[in-house]
Every structure is written in C-alpha cells, then in structure tokens.
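Notes follow once the structure below has been shown.
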Amino acid sequence: ILRDLTAQFHIHHLTIRENYEILQKIAYHMALVKFGKTFRCTIPSITEDGNFQLKAARNPRLALQREVVALDLHMNPEINTLVVTGPNAGGKTVALKTIGLLALMANAGVPVPADEETMIPYFDKIFADIGDQQSLVNDLSTFSAHIGSIIQILNESSPQSLVLLDELGTGTDPAEGGALARSILESLSGRGAKTVATTHLGDLKVFAHEATRVMNGAMEFDQAGLKPTYKFQAGVPGSSYGFEISKRLG
C-alpha cells in the first residue's frame with residue numbers, strides 16, 4: 001500500500017515541492033508578523049551612510065521576562081566609535097547586546113523592537129567579544145582570550161562592519177590595557193568600522209573626548225538611591241561608582 005501511494009504521489013513531486021516551499025515562506029512571514037505584534041516592532045530604515053539611530057530600542061530576550069528600560073542611541077555618519085562607561089551592573093553589556101541583536105535582525109529583514117525613525121546601517125559582518133572566554137584546557141587567560149578574539153576582528157573587519165567589544169582593556173595592568181585598548185579603537189576607527197566598546201578605564205574616556213569620530217557615552221546612575229537607572233546618556237563619560245555599589249551590596 002505504501003509503495004503504491006508513494007508511486008501515485010511521485011508524479012506530483014515537483015508540484016508538492018513548490019507548494020511546500022511556498023508554505024515555508026508564508027509560515028516565515030506569519031512568524032514575523034506575530035513577533036512584530038508581540039514586541040511592538042517597526043521596520044527600520046537601512047542606511048548606507050553609516051547613520052545609526054535606535055529609538056526606544058528593547059532587547060526582546062529581556063522583554064520576555066520583565067519591563068525593560070528602552071535604549072535611545074544616535075551615532076551620526078561622522079561618528080564611528082562609541083565608548084560606553086558607567087557603573088557595574090548598570091546596563092552596559094545589555095546595551096551592547098541590544099545594539100548587536102537589533103543590527104542582526106534589521107540586516108536579516110526582521111522587524112525590530114524599537115520605535116519609528118530607527119535607522120540601522122547595512123553591515124557586511126558583525127563581530128562581538130562579550131563575556132569571559134578563558135579556558136584552562138586551552139591555556140587561555142581572560143586577557144589572552146580577549147586578545148585572541150580581537151586579533152580575529154582586526155584581521156576580518158571592514159568599513160562596513162559592526163564591532164562590539166565588552167570590557168575592553170581589562171585583565172592586565174590598567175595602564176598597559178588602556179594603551180592597548182586605545183590602539184585597537186584607533187585601528188578600527190581608522191578603517192571606518194562602527195565600533196561600540198564598554199570599559200571602566202579612565203584613559204579611554206579621555207581618548208573618546210579628544211579623538212575625532214569617537215564619542216563618549218554613559219549609563220546613568222542615581223546617586224541619591226545608589227542604584228543604576230539603565231538609561232543611556234550620549235556625549236558624557238560615566239563613573240564606575242565602585243565604592244557606592246559595594247556599599248549598597250553590603
């Protein structure tokens with residue numbers, strides 16, 4: 001019976017295959033619609049001049065769990081490097097991941113959880129060095145693991161790339177780490193790659209203030225309540241508030 005049924009279906013193989021592929025496309029676009037409605041998404045403008053603007057951007061992964069503080073960010077075509085500072089547990093890494101995730105979504109044709117007027121550049125590649133990749137098995141320390149990732153980024157990134165670097169310059173002597181981090185940012189900025197880096201190093205705050213095409217940014221901290229607000233402030237450096245946060249944690 002199965003052999004006979006298969007034989008009868010086989011003569012319609014091409015038609016069945018075409019219908020199956022059409023159903024896949026319909027299911028994909030229905031999923032996009034459902035996702036867009038669930039997270040109040042918009043279709044961003046894809047820019048070719050490097051204009052990068054996020055309006056009330058939300059990380060959908062976090063939005064599944066709780067109410068999130070929206071991210072407002074603007075890097076005009078003249079700015080290709082953003083140095084983000086601020087307190088520990090203040091939202092720097094979350095902001096970095098939100099930028100990367102929404103850039104991936106927009107470049108894949110997926111609506112993004114952000115308001116209208118959101119503009120995201122076309123990126124040929126997106127690189128990220130986020131988290132601690134140290135390995136006892138491979139004899140990689142925190143510092144050497146970061147450097148290994150950054151070497152790959154420097155070798156493969158282009159003027160159309162997005163580079164996300166978390167805690168740049170950490171894991172070694174602060175003075176040497178700051179100098180190395182500065183040279184990395186100068187190299188990426190020189191080739192025109194859009195780069196967002198988080199750090200606690202004061203040298204990089206000074207670098208962002210003095211260098212061309214580089215901008216400071218900070219995650220806001222409520223000094224009265226001794227807690228982060230998770231709001232992004234453009235154009236200003238932030239403080240780590242290490243003593244205040246340690247005191248709040250007991």
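We name chains A, B, ... following the order of the structure tokens; residues begin at 1 in each chain, and ligands are numbered from 1 as shown.
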
(request) Determine, counting only C-alpha atoms, which protein, DNA and RNA residues have an atom within 12 Å of an atom of Gly217 in chain A; residues of the same chain fewer than 4 positions away are not included. Present the result as number ranges by chain. (result) A: 72-75, 81-86, 92, 95-96, 196-200, 204-206, 208-209, 231-239

(request) Write out as a PyMOL selection string each polymer residue whose atoms come within 10 Å of Thr118 in chain A, counting only C-alpha atoms; drop sequence neighbours fewer than 3 positions from it. (result) chain A and resi 42-46+51-57+72-74+112-115

Export of the given selection (N, CA and C atoms) as an mmCIF file, in the first residue's frame:
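Listed below is the output, out-v7.cif:
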data_model
loop_
_atom_site.group_PDB
_atom_site.id
_atom_site.type_symbol
_atom_site.label_atom_id
_atom_site.label_comp_id
_atom_site.auth_asym_id
_atom_site.auth_seq_id
_atom_site.Cartn_x
_atom_site.Cartn_y
_atom_site.Cartn_z
ATOM 1 N N THR A 42 8.928 47.732 14.642
ATOM 2 C CA THR A 42 8.823 48.553 13.439
ATOM 3 C C THR A 42 9.845 48.045 12.419
ATOM 4 N N ILE A 43 9.660 48.483 11.182
ATOM 5 C CA ILE A 43 10.624 48.144 10.136
ATOM 6 C C ILE A 43 11.592 49.318 10.012
ATOM 7 N N PRO A 44 12.863 49.132 10.378
ATOM 8 C CA PRO A 44 13.803 50.262 10.378
ATOM 9 C C PRO A 44 14.266 50.608 8.966
ATOM 10 N N SER A 45 14.787 51.809 8.837
ATOM 11 C CA SER A 45 15.442 52.200 7.591
ATOM 12 C C SER A 45 16.857 51.633 7.591
ATOM 13 N N ILE A 46 17.257 51.030 6.486
ATOM 14 C CA ILE A 46 18.625 50.528 6.341
ATOM 15 C C ILE A 46 19.436 51.599 5.628
ATOM 16 N N ASN A 51 24.641 56.148 9.222
ATOM 17 C CA ASN A 51 23.770 56.760 10.228
ATOM 18 C C ASN A 51 23.089 55.661 11.046
ATOM 19 N N PHE A 52 23.325 55.677 12.354
ATOM 20 C CA PHE A 52 22.846 54.615 13.247
ATOM 21 C C PHE A 52 22.011 55.257 14.351
ATOM 22 N N GLN A 53 20.724 54.971 14.350
ATOM 23 C CA GLN A 53 19.836 55.575 15.343
ATOM 24 C C GLN A 53 18.838 54.559 15.867
ATOM 25 N N LEU A 54 18.849 54.354 17.165
ATOM 26 C CA LEU A 54 17.879 53.484 17.820
ATOM 27 C C LEU A 54 16.933 54.346 18.644
ATOM 28 N N LYS A 55 15.641 54.171 18.416
ATOM 29 C CA LYS A 55 14.616 54.907 19.145
ATOM 30 C C LYS A 55 13.834 53.942 20.028
ATOM 31 N N ALA A 56 13.961 54.121 21.342
ATOM 32 C CA ALA A 56 13.239 53.268 22.295
ATOM 33 C C ALA A 56 13.439 51.790 21.984
ATOM 34 N N ALA A 57 14.693 51.407 21.764
ATOM 35 C CA ALA A 57 15.002 50.010 21.430
ATOM 36 C C ALA A 57 14.901 49.130 22.675
ATOM 37 N N ASP A 72 17.930 54.641 23.770
ATOM 38 C CA ASP A 72 17.965 55.661 22.723
ATOM 39 C C ASP A 72 19.422 55.956 22.406
ATOM 40 N N LEU A 73 19.788 55.804 21.145
ATOM 41 C CA LEU A 73 21.189 55.948 20.743
ATOM 42 C C LEU A 73 21.261 56.527 19.341
ATOM 43 N N HIS A 74 22.192 57.460 19.147
ATOM 44 C CA HIS A 74 22.387 58.012 17.801
ATOM 45 C C HIS A 74 23.879 58.191 17.537
ATOM 46 N N VAL A 112 12.231 45.153 14.103
ATOM 47 C CA VAL A 112 12.976 45.308 15.348
ATOM 48 C C VAL A 112 12.089 45.923 16.429
ATOM 49 N N PRO A 113 12.272 45.526 17.694
ATOM 50 C CA PRO A 113 11.507 46.113 18.793
ATOM 51 C C PRO A 113 12.025 47.507 19.133
ATOM 52 N N ALA A 114 11.619 48.471 18.357
ATOM 53 C CA ALA A 114 12.016 49.863 18.544
ATOM 54 C C ALA A 114 10.956 50.741 17.893
ATOM 55 N N ASP A 115 11.008 52.043 18.194
ATOM 56 C CA ASP A 115 10.030 52.966 17.627
ATOM 57 C C ASP A 115 10.423 53.376 16.213
#

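Note that the spacing between CA of Glu67 in chain A and CA of Gly250 in chain A amounts to 26.5 Å.
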
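Using only C-alpha atoms, the contacts of range 180-188 of chain A at a cut-off of 9 Å, with sequence neighbours closer than 6 positions omitted, comprise Asn80, Thr81, Ile150, Leu154, Ser157, Ser158, Pro159, Val163, Leu168, Gly169, Thr170, Lys194, Thr195, Ala197, Asp203, Leu204, Phe207 and Ala211 of chain A.
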
(message) Can you pull out the residues contacting Met105 in chain A? Cut-off 12 Å, using only C-alpha atoms, and skip same-chain residues under 3 positions away; I want them as a ChimeraX atom specification.
(response) /A:32,35-36,41-44,46,59-60,98-102,108-114,120-123,126

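Comparing A:Thr38, A:Thr15, A:Ser161, A:Thr172 by their smallest distance to Ala193 in chain A, the closest is A:Ser161 (using only C-alpha atoms).
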